[in-house]
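Engineer: target.cif (mmCIF, C-alpha atoms) pasted underneath:
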```cif
data_entry
loop_
_atom_site.label_atom_id
_atom_site.label_comp_id
_atom_site.auth_asym_id
_atom_site.auth_seq_id
_atom_site.Cartn_x
_atom_site.Cartn_y
_atom_site.Cartn_z
CA MET K 1 -43.80 -33.74 -26.87
CA ALA K 2 -41.33 -35.95 -28.72
CA ILE K 3 -39.70 -34.40 -31.79
CA ILE K 4 -39.37 -36.79 -34.74
CA HIS K 5 -36.05 -36.12 -36.46
CA HIS K 6 -35.84 -37.29 -40.06
CA THR K 7 -32.15 -38.10 -40.14
CA THR K 8 -29.70 -40.98 -40.34
CA VAL K 9 -29.41 -43.67 -37.68
CA LYS K 10 -26.48 -46.10 -37.84
CA PRO K 11 -26.96 -48.98 -37.53
CA THR K 12 -30.64 -48.79 -38.38
CA LYS K 13 -33.31 -50.05 -36.01
CA LEU K 14 -34.08 -52.93 -38.37
CA GLU K 15 -30.41 -53.89 -38.45
CA LEU K 16 -30.38 -54.03 -34.65
CA LEU K 17 -33.56 -56.11 -34.61
CA THR K 18 -32.25 -58.51 -37.25
CA ALA K 19 -29.51 -59.55 -34.84
CA TRP K 20 -31.63 -59.34 -31.66
CA LEU K 21 -34.91 -61.01 -32.58
CA PRO K 22 -33.47 -64.54 -33.07
CA THR K 23 -32.25 -64.46 -29.44
CA ARG K 24 -35.82 -64.07 -28.12
CA PRO K 25 -37.93 -67.02 -26.88
CA TRP K 26 -40.89 -65.73 -28.91
CA TYR K 27 -39.04 -65.62 -32.22
CA VAL K 28 -40.66 -68.21 -34.48
CA GLY K 29 -38.17 -68.21 -37.37
CA ASP K 30 -35.38 -70.68 -38.07
CA GLY K 31 -32.64 -68.28 -39.15
CA ALA K 32 -32.03 -64.58 -39.68
CA PRO K 33 -35.22 -62.58 -40.25
CA GLU K 34 -35.93 -60.44 -43.30
CA LEU K 35 -37.58 -57.44 -41.70
CA SER K 36 -39.60 -54.48 -42.87
CA ARG K 37 -40.96 -51.72 -40.70
CA ALA K 38 -44.73 -52.09 -40.99
CA GLY K 39 -46.24 -49.78 -38.39
CA GLY K 40 -46.65 -48.98 -34.74
CA PHE K 41 -46.95 -45.84 -32.65
CA ARG K 42 -45.14 -43.73 -30.06
CA LEU K 43 -45.80 -42.39 -26.58
CA ASP K 44 -44.36 -39.22 -25.08
CA ASP K 45 -42.11 -39.31 -22.04
CA PRO K 46 -43.41 -36.54 -19.74
CA GLU K 47 -39.81 -35.69 -18.85
CA GLY K 48 -38.80 -35.46 -22.51
CA GLU K 49 -35.74 -37.66 -22.03
CA VAL K 50 -36.69 -41.13 -23.30
CA GLY K 51 -37.96 -42.03 -26.77
CA ILE K 52 -40.79 -44.57 -26.59
CA GLU K 53 -41.78 -46.55 -29.68
CA PHE K 54 -44.03 -49.56 -30.22
CA MET K 55 -42.74 -50.95 -33.52
CA VAL K 56 -44.30 -53.62 -35.72
CA ALA K 57 -41.68 -55.40 -37.82
CA VAL K 58 -42.81 -57.97 -40.38
CA ASP K 59 -40.53 -60.94 -41.10
CA THR K 60 -40.88 -62.46 -44.57
CA SER K 61 -38.03 -64.98 -44.29
CA GLY K 62 -40.33 -67.96 -43.64
CA PRO K 63 -43.19 -69.59 -45.53
CA GLU K 64 -45.68 -67.14 -43.96
CA PRO K 65 -45.08 -63.51 -42.90
CA VAL K 66 -44.85 -62.96 -39.14
CA ALA K 67 -45.61 -59.60 -37.48
CA TYR K 68 -43.56 -58.91 -34.35
CA HIS K 69 -44.47 -56.23 -31.82
CA VAL K 70 -41.30 -54.72 -30.36
CA PRO K 71 -41.63 -51.97 -27.72
CA LEU K 72 -38.39 -49.98 -27.69
CA THR K 73 -36.96 -47.12 -25.68
CA TYR K 74 -34.14 -44.82 -26.81
CA ARG K 75 -31.90 -43.16 -24.28
CA GLY K 76 -28.97 -40.75 -24.38
CA ALA K 77 -27.09 -42.75 -21.72
CA PRO K 78 -27.17 -46.35 -20.48
CA LEU K 79 -30.08 -47.38 -18.24
CA PRO K 80 -28.50 -48.62 -14.99
CA GLY K 81 -29.12 -52.30 -14.33
CA ALA K 82 -30.64 -52.96 -17.75
CA GLU K 83 -27.63 -54.40 -19.56
CA HIS K 84 -29.59 -57.61 -20.21
CA ALA K 85 -32.29 -55.61 -22.01
CA LEU K 86 -29.99 -53.70 -24.37
CA VAL K 87 -30.97 -54.25 -28.01
CA GLY K 88 -27.99 -52.25 -29.26
CA THR K 89 -26.43 -48.82 -29.64
CA MET K 90 -26.90 -46.40 -32.53
CA GLU K 91 -25.50 -43.12 -33.75
CA HIS K 92 -28.33 -40.66 -34.34
CA GLY K 93 -27.65 -37.90 -36.86
CA VAL K 94 -29.07 -35.22 -34.55
CA LEU K 95 -29.04 -36.65 -31.02
CA GLY K 96 -25.73 -38.51 -31.15
CA PRO K 97 -25.21 -41.85 -29.38
CA ARG K 98 -28.45 -43.64 -28.43
CA TRP K 99 -28.96 -46.78 -26.36
CA ALA K 100 -31.93 -48.86 -27.57
CA TYR K 101 -33.62 -51.10 -24.99
CA ASP K 102 -36.33 -53.72 -24.93
CA GLY K 103 -39.02 -51.44 -23.54
CA CYS K 104 -40.55 -54.19 -21.39
CA HIS K 105 -37.57 -53.65 -19.05
CA ASP K 106 -37.74 -49.84 -19.04
CA PRO K 107 -39.83 -48.24 -16.25
CA VAL K 108 -40.58 -45.18 -18.38
CA LEU K 109 -42.25 -47.24 -21.09
CA ILE K 110 -44.11 -49.38 -18.54
CA GLY K 111 -45.48 -46.27 -16.86
CA GLU K 112 -46.61 -44.63 -20.09
CA LEU K 113 -48.16 -47.83 -21.46
CA THR K 114 -50.13 -48.11 -18.22
CA ALA K 115 -51.24 -44.49 -18.67
CA LEU K 116 -52.34 -45.26 -22.24
CA VAL K 117 -54.45 -48.22 -21.11
CA GLU K 118 -56.17 -46.03 -18.49
CA GLY K 119 -56.71 -43.18 -20.94
CA ARG K 120 -54.26 -40.76 -19.33
CA ALA K 121 -51.87 -40.77 -22.32
CA GLN K 122 -52.44 -40.34 -26.06
CA ALA K 123 -50.87 -42.59 -28.68
CA GLN K 124 -48.79 -40.58 -31.15
CA ALA K 125 -48.02 -41.19 -34.82
CA GLN K 126 -44.84 -43.17 -35.32
CA SER K 127 -43.13 -40.80 -37.75
CA VAL K 128 -44.90 -37.42 -37.45
CA THR K 129 -44.35 -34.93 -34.64
CA ASP K 130 -47.30 -33.99 -32.39
CA THR K 131 -49.88 -36.04 -34.30
CA PRO K 132 -52.25 -38.40 -32.47
CA ASP K 133 -52.56 -41.93 -33.85
CA HIS K 134 -56.29 -42.60 -33.93
CA GLU K 135 -55.81 -46.17 -35.15
CA VAL K 136 -54.65 -47.09 -31.65
CA THR K 137 -57.56 -48.07 -29.41
CA ARG K 138 -57.63 -48.83 -25.69
CA SER K 139 -60.00 -49.77 -22.90
CA TRP K 140 -59.95 -49.94 -19.11
CA ALA K 141 -62.58 -51.41 -16.77
CA GLY K 142 -60.51 -51.96 -13.64
CA PRO K 143 -59.63 -49.88 -10.56
CA ALA K 144 -57.16 -47.02 -10.74
CA LEU K 145 -53.62 -48.26 -11.23
CA PRO K 146 -50.80 -47.05 -8.95
CA SER K 147 -48.48 -44.38 -10.26
CA PRO K 148 -45.45 -45.71 -12.16
CA PRO K 149 -42.97 -47.15 -12.03
CA TRP K 150 -44.42 -50.35 -10.62
CA PRO K 151 -41.92 -53.09 -9.71
CA VAL K 152 -42.26 -56.03 -12.03
CA GLU K 153 -40.95 -59.49 -12.77
CA VAL K 154 -40.48 -59.88 -16.51
CA THR K 155 -40.87 -63.30 -18.15
CA ASP K 156 -40.99 -64.33 -21.80
CA ASP K 157 -42.99 -67.17 -23.29
CA GLU K 158 -43.35 -68.37 -26.86
CA ARG K 159 -45.65 -65.53 -27.94
CA SER K 160 -45.47 -62.72 -25.39
CA THR K 161 -43.76 -61.01 -22.47
CA VAL K 162 -45.54 -60.87 -19.11
CA LEU K 163 -44.76 -58.16 -16.54
CA THR K 164 -46.01 -59.15 -13.09
CA ALA K 165 -46.29 -56.61 -10.27
CA ALA K 166 -45.90 -57.31 -6.58
CA ASP K 167 -49.61 -56.66 -5.98
CA GLY K 168 -50.65 -59.39 -8.42
CA ARG K 169 -51.36 -57.28 -11.52
CA ALA K 170 -49.94 -58.39 -14.84
CA LEU K 171 -49.27 -56.65 -18.14
CA ARG K 172 -49.04 -59.03 -21.10
CA VAL K 173 -47.25 -57.60 -24.14
CA HIS K 174 -48.15 -59.56 -27.25
CA ARG K 175 -44.99 -60.11 -29.29
CA VAL K 176 -46.27 -62.27 -32.15
CA LEU K 177 -49.30 -60.37 -33.42
CA ASP K 178 -52.39 -62.28 -34.51
CA PRO K 179 -54.62 -60.29 -36.90
CA THR K 180 -57.21 -63.10 -36.85
CA ALA K 181 -57.93 -62.59 -33.12
CA PRO K 182 -60.85 -60.33 -32.17
CA ASP K 183 -59.84 -56.69 -31.78
CA THR K 184 -61.58 -56.39 -28.41
CA ARG K 185 -60.63 -56.59 -24.75
CA PRO K 186 -59.81 -60.30 -24.41
CA GLY K 187 -61.44 -62.54 -21.83
CA THR K 188 -60.25 -61.82 -18.33
CA ALA K 189 -58.32 -58.65 -19.19
CA ALA K 190 -59.34 -55.45 -17.40
CA GLY K 191 -57.83 -53.36 -20.17
CA HIS K 192 -56.10 -53.53 -23.51
CA VAL K 193 -54.33 -51.65 -26.30
CA SER K 194 -54.78 -52.50 -29.98
CA GLY K 195 -52.98 -51.13 -33.00
CA ALA K 196 -52.57 -51.46 -36.74
CA TRP K 197 -49.85 -52.11 -39.30
CA GLU K 198 -49.42 -52.79 -43.01
CA ALA K 199 -49.45 -56.53 -43.69
CA ALA K 200 -47.11 -58.14 -46.19
CA ASP K 201 -49.89 -58.24 -48.81
CA GLY K 202 -50.44 -54.49 -48.51
CA THR K 203 -53.68 -54.68 -46.53
CA ARG K 204 -54.21 -53.01 -43.17
CA ALA K 205 -54.06 -55.46 -40.25
CA ARG K 206 -55.06 -54.99 -36.60
CA ALA K 207 -54.40 -56.92 -33.41
CA VAL K 208 -54.22 -56.62 -29.64
CA PHE K 209 -50.79 -55.29 -28.64
CA ALA K 210 -51.11 -55.56 -24.84
CA THR K 211 -53.55 -56.56 -22.10
CA VAL K 212 -53.67 -55.72 -18.37
CA HIS K 213 -54.96 -58.26 -15.85
CA ILE K 214 -55.83 -57.57 -12.22
CA ASP K 215 -54.98 -61.19 -11.37
CA ALA K 216 -51.65 -62.37 -12.85
CA SER K 217 -52.89 -65.97 -12.91
CA GLU K 218 -55.33 -64.94 -15.65
CA ALA K 219 -52.76 -63.22 -17.84
#
```
Can you dump the structure from the file as structure tokens?

Structural biologist:
Amino acid sequence: MAIIHHTTVKPTKLELLTAWLPTRPWYVGDGAPELSRAGGFRLDDPEGEVGIEFMVAVDTSGPEPVAYHVPLTYRGAPLPGAEHALVGTMEHGVLGPRWAYDGCHDPVLIGELTALVEGRAQAQAQSVTDTPDHEVTRSWAGPALPSPPWPVEVTDDERSTVLTAADGRALRVHRVLDPTAPDTRPGTAAGHVSGAWEAADGTRARAVFATVHIDASEA
């Protein structure tokens, strides 16, 4: 069970994302974003070592607000071979130095997201210890997935990140969230995860956060 510490973090997560987001292929803004933390959820690392967060950050710098889905992992030491995925480093008021990574490159997050899709893991509230997040929904209609970590090739496009396994499976992480899309298992997906956040106008928005496809060509 992850313990949520209400303490200082320097720089803040939003400060790290303000510098990092414009470097991503799926960033739709023209300059520096103006971010607010709008929602998301957490998953527990069974080993209790890695923080796993699925953050929704809303950018209001452009003519229309944009909701970005940013899976992050927090580690007490660098993740070997993941220098390219480092979002930044922070000083946590309780835990000390923390390395924040793009979670799409972290095998712990990939494994626990797979477990969530299959129903073997429970989404947790973003800011409250040991509290399930019942706004997160999931489905799975495919065969049993292999135990993590599964080797993947990670590619970004203009709206998402696709993780392709050697056996042909694909996990699509939706980065630019679309609250107008149906909150159901899309098309060819064998499974999905959906979540909620507070939109810029104060209403509650929902969208698909991730989908799993048995055939990567359909992702």

Engineer: Return the single residue from K:Gly195, K:Gly40, K:Pro11, K:Gly62 that is closest to Pro97 (chain K), with distances computed using all atoms listed in the file.

Structural biologist: K:Pro11

Engineer: Using all atoms listed in the file, pick whichever of K:Val56, K:Ala166, K:Gly119, K:Glu158 has the shortest atom-to-atom distance to Tyr27 (chain K).

Structural biologist: K:Glu158

Engineer: Using all atoms listed in the file, determine which residues lie at most 6 Å from Glu91 (chain K), disregarding the query and same-chain residues fewer than 2 positions distant; provide the list as a list in words.

Structural biologist: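 What passes the distance filter is Val9, Lys10, Gly96 and Pro97 of chain K.
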
Engineer: For the structure provided, state which residues fall under the PyMOL selection byres ((chain K and resi 202) around 12), and present them as a PDB file with C-alpha atoms, in the coordinates of the input.

Structural biologist:
```pdb
ATOM      1  CA  ALA K  38     -44.730 -52.090 -40.990  1.00  0.00           C
ATOM      2  CA  GLY K  39     -46.240 -49.780 -38.390  1.00  0.00           C
ATOM      3  CA  VAL K  58     -42.810 -57.970 -40.380  1.00  0.00           C
ATOM      4  CA  PRO K  65     -45.080 -63.510 -42.900  1.00  0.00           C
ATOM      5  CA  TRP K 197     -49.850 -52.110 -39.300  1.00  0.00           C
ATOM      6  CA  GLU K 198     -49.420 -52.790 -43.010  1.00  0.00           C
ATOM      7  CA  ALA K 199     -49.450 -56.530 -43.690  1.00  0.00           C
ATOM      8  CA  ALA K 200     -47.110 -58.140 -46.190  1.00  0.00           C
ATOM      9  CA  ASP K 201     -49.890 -58.240 -48.810  1.00  0.00           C
ATOM     10  CA  THR K 203     -53.680 -54.680 -46.530  1.00  0.00           C
ATOM     11  CA  ARG K 204     -54.210 -53.010 -43.170  1.00  0.00           C
ATOM     12  CA  ALA K 205     -54.060 -55.460 -40.250  1.00  0.00           C
TER      13      ALA K 205
END
```

Engineer: For the provided coordinates, the residues matched by the PyMOL selection byres ((chain K and resi 103-111) around 7) should be stated as a VMD selection string.

Structural biologist: chain K and resid 52 71 to 73 85 101 to 102 112 to 115 148 to 149

Engineer: Taking the file as shown, what set of residues would the PyMOL selection byres ((chain K and resi 30) around 12) give back, as an MDAnalysis selection string?

Structural biologist: chainID K and resid 21:24 26:29 31:34 59:63

Engineer: Next, the residues of the selection above should be written as a PDB file, in the frame of the given file with C-alpha atoms.

Structural biologist:
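Output saved as again.pdb:
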```
ATOM      1  CA  LEU K  21     -34.910 -61.010 -32.580  1.00  0.00           C
ATOM      2  CA  PRO K  22     -33.470 -64.540 -33.070  1.00  0.00           C
ATOM      3  CA  THR K  23     -32.250 -64.460 -29.440  1.00  0.00           C
ATOM      4  CA  ARG K  24     -35.820 -64.070 -28.120  1.00  0.00           C
ATOM      5  CA  TRP K  26     -40.890 -65.730 -28.910  1.00  0.00           C
ATOM      6  CA  TYR K  27     -39.040 -65.620 -32.220  1.00  0.00           C
ATOM      7  CA  VAL K  28     -40.660 -68.210 -34.480  1.00  0.00           C
ATOM      8  CA  GLY K  29     -38.170 -68.210 -37.370  1.00  0.00           C
ATOM      9  CA  GLY K  31     -32.640 -68.280 -39.150  1.00  0.00           C
ATOM     10  CA  ALA K  32     -32.030 -64.580 -39.680  1.00  0.00           C
ATOM     11  CA  PRO K  33     -35.220 -62.580 -40.250  1.00  0.00           C
ATOM     12  CA  GLU K  34     -35.930 -60.440 -43.300  1.00  0.00           C
ATOM     13  CA  ASP K  59     -40.530 -60.940 -41.100  1.00  0.00           C
ATOM     14  CA  THR K  60     -40.880 -62.460 -44.570  1.00  0.00           C
ATOM     15  CA  SER K  61     -38.030 -64.980 -44.290  1.00  0.00           C
ATOM     16  CA  GLY K  62     -40.330 -67.960 -43.640  1.00  0.00           C
ATOM     17  CA  PRO K  63     -43.190 -69.590 -45.530  1.00  0.00           C
TER      18      PRO K  63
END
```

Engineer: Have a look at K:Lys13, K:Arg169, K:His174, K:His213 and name the one nearest to Val87 (chain K); count all atoms listed in the file.

Structural biologist: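 Of all the options, K:Lys13 lies closest to Val87 (chain K).
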
Engineer: For Thr131 (chain K), which residue among K:Gly76, K:Thr12, K:Thr180, K:Phe41 is the nearest when counting only C-alpha atoms?

Structural biologist: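 Of K:Gly76, K:Thr12, K:Thr180, K:Phe41, the one nearest Thr131 (chain K) is K:Phe41, counting only C-alpha atoms.
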
Engineer: What is the distance, in Å and to one decimal place, between CA of Val50 (chain K) and CA of Ile214 (chain K)?

Structural biologist: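 Distance reported for this atom pair: 27.6 Å.
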
Engineer: Grab the CA of His134 (chain K) to CA of Ser194 (chain K) distance for me, in Å with one decimal place.

Structural biologist: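 Straight-line distance from CA of His134 (chain K) to CA of Ser194 (chain K) works out to 10.8 Å.
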
Engineer: Go through K:Ala125, K:Val176, K:Val193, K:Leu79 and flag the residue nearest Arg159 (chain K), using all atoms listed in the file for the distances.

Structural biologist: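 Selected residue with least distance to Arg159 (chain K): K:Val176.
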
Engineer: Between CA of Phe54 (chain K) and CA of Asp167 (chain K), what distance in Å does the model show, to one decimal?

Structural biologist: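 Straight-line distance from CA of Phe54 (chain K) to CA of Asp167 (chain K) works out to 25.9 Å.
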
Engineer: Quick one: residues within 6 Å of Thr164 (chain K), only C-alpha atoms counted, chain neighbours fewer than 2 positions away excluded, as a count of residues only?

Structural biologist: 4

Engineer: Just checking: using all atoms listed in the file, which residue out of K:Ala210, K:Met55, K:Ala19, K:Leu14 ends up closest to Gln126 (chain K)?

Structural biologist: K:Met55

Engineer: Could you list as a PyMOL selection string every residue that has an atom within 7 Å of (-53.6, -55.1, -21.2), using the file's coordinates and counting all atoms listed in the file?

Structural biologist: chain K and resi 117+171-172+189-193+210-213

Engineer: Output region 103-128 of chain K from the block with N, CA and C atoms, as a compact mmCIF listing (two decimals), in the first residue's frame?

Structural biologist:
```txt
# COMPACT_ATOMS: atom_id res chain seq x y z
N GLY K 103 6.09 7.13 -17.16
CA GLY K 103 5.77 5.78 -16.76
C GLY K 103 5.62 4.79 -17.90
N CYS K 104 5.46 5.28 -19.12
CA CYS K 104 5.36 4.38 -20.27
C CYS K 104 6.67 3.66 -20.55
N HIS K 105 7.75 4.09 -19.90
CA HIS K 105 9.06 3.45 -20.06
C HIS K 105 9.48 2.71 -18.79
N ASP K 106 8.57 2.59 -17.84
CA ASP K 106 8.91 1.95 -16.56
C ASP K 106 8.18 0.61 -16.46
N PRO K 107 8.92 -0.50 -16.37
CA PRO K 107 8.27 -1.82 -16.35
C PRO K 107 7.32 -2.02 -15.17
N VAL K 108 7.55 -1.34 -14.06
CA VAL K 108 6.65 -1.49 -12.92
C VAL K 108 5.28 -0.92 -13.25
N LEU K 109 5.25 0.27 -13.83
CA LEU K 109 3.96 0.85 -14.21
C LEU K 109 3.27 0.02 -15.28
N ILE K 110 4.02 -0.44 -16.28
CA ILE K 110 3.42 -1.24 -17.35
C ILE K 110 2.77 -2.50 -16.77
N GLY K 111 3.47 -3.15 -15.85
CA GLY K 111 2.93 -4.36 -15.24
C GLY K 111 1.68 -4.11 -14.44
N GLU K 112 1.65 -3.02 -13.67
CA GLU K 112 0.48 -2.75 -12.83
C GLU K 112 -0.69 -2.21 -13.64
N LEU K 113 -0.42 -1.49 -14.73
CA LEU K 113 -1.50 -1.05 -15.60
C LEU K 113 -2.14 -2.26 -16.29
N THR K 114 -1.32 -3.21 -16.70
CA THR K 114 -1.84 -4.46 -17.27
C THR K 114 -2.71 -5.18 -16.25
N ALA K 115 -2.26 -5.23 -15.00
CA ALA K 115 -3.04 -5.88 -13.94
C ALA K 115 -4.36 -5.16 -13.71
N LEU K 116 -4.36 -3.83 -13.81
CA LEU K 116 -5.60 -3.07 -13.65
C LEU K 116 -6.59 -3.42 -14.76
N VAL K 117 -6.11 -3.46 -15.99
CA VAL K 117 -6.99 -3.79 -17.12
C VAL K 117 -7.64 -5.15 -16.90
N GLU K 118 -6.86 -6.12 -16.45
CA GLU K 118 -7.37 -7.48 -16.25
C GLU K 118 -8.22 -7.63 -14.98
N GLY K 119 -8.18 -6.63 -14.10
CA GLY K 119 -8.95 -6.72 -12.87
C GLY K 119 -8.19 -7.31 -11.70
N ARG K 120 -6.86 -7.41 -11.84
CA ARG K 120 -6.03 -7.96 -10.75
C ARG K 120 -5.47 -6.88 -9.85
N ALA K 121 -5.68 -5.61 -10.19
CA ALA K 121 -5.22 -4.48 -9.38
C ALA K 121 -6.37 -3.50 -9.22
N GLN K 122 -6.34 -2.74 -8.14
CA GLN K 122 -7.38 -1.76 -7.83
C GLN K 122 -6.83 -0.35 -7.96
N ALA K 123 -7.52 0.49 -8.72
CA ALA K 123 -7.13 1.90 -8.79
C ALA K 123 -7.32 2.55 -7.42
N GLN K 124 -6.34 3.38 -7.04
CA GLN K 124 -6.36 4.06 -5.75
C GLN K 124 -6.52 5.56 -5.93
N ALA K 125 -7.13 6.21 -4.94
CA ALA K 125 -7.29 7.66 -4.97
C ALA K 125 -5.94 8.34 -5.10
N GLN K 126 -5.92 9.44 -5.81
CA GLN K 126 -4.67 10.12 -6.12
C GLN K 126 -4.00 10.71 -4.88
N SER K 127 -4.78 11.20 -3.93
CA SER K 127 -4.21 11.97 -2.82
C SER K 127 -4.61 11.47 -1.44
N VAL K 128 -5.23 10.28 -1.36
CA VAL K 128 -5.67 9.73 -0.08
C VAL K 128 -5.14 8.31 0.06
```
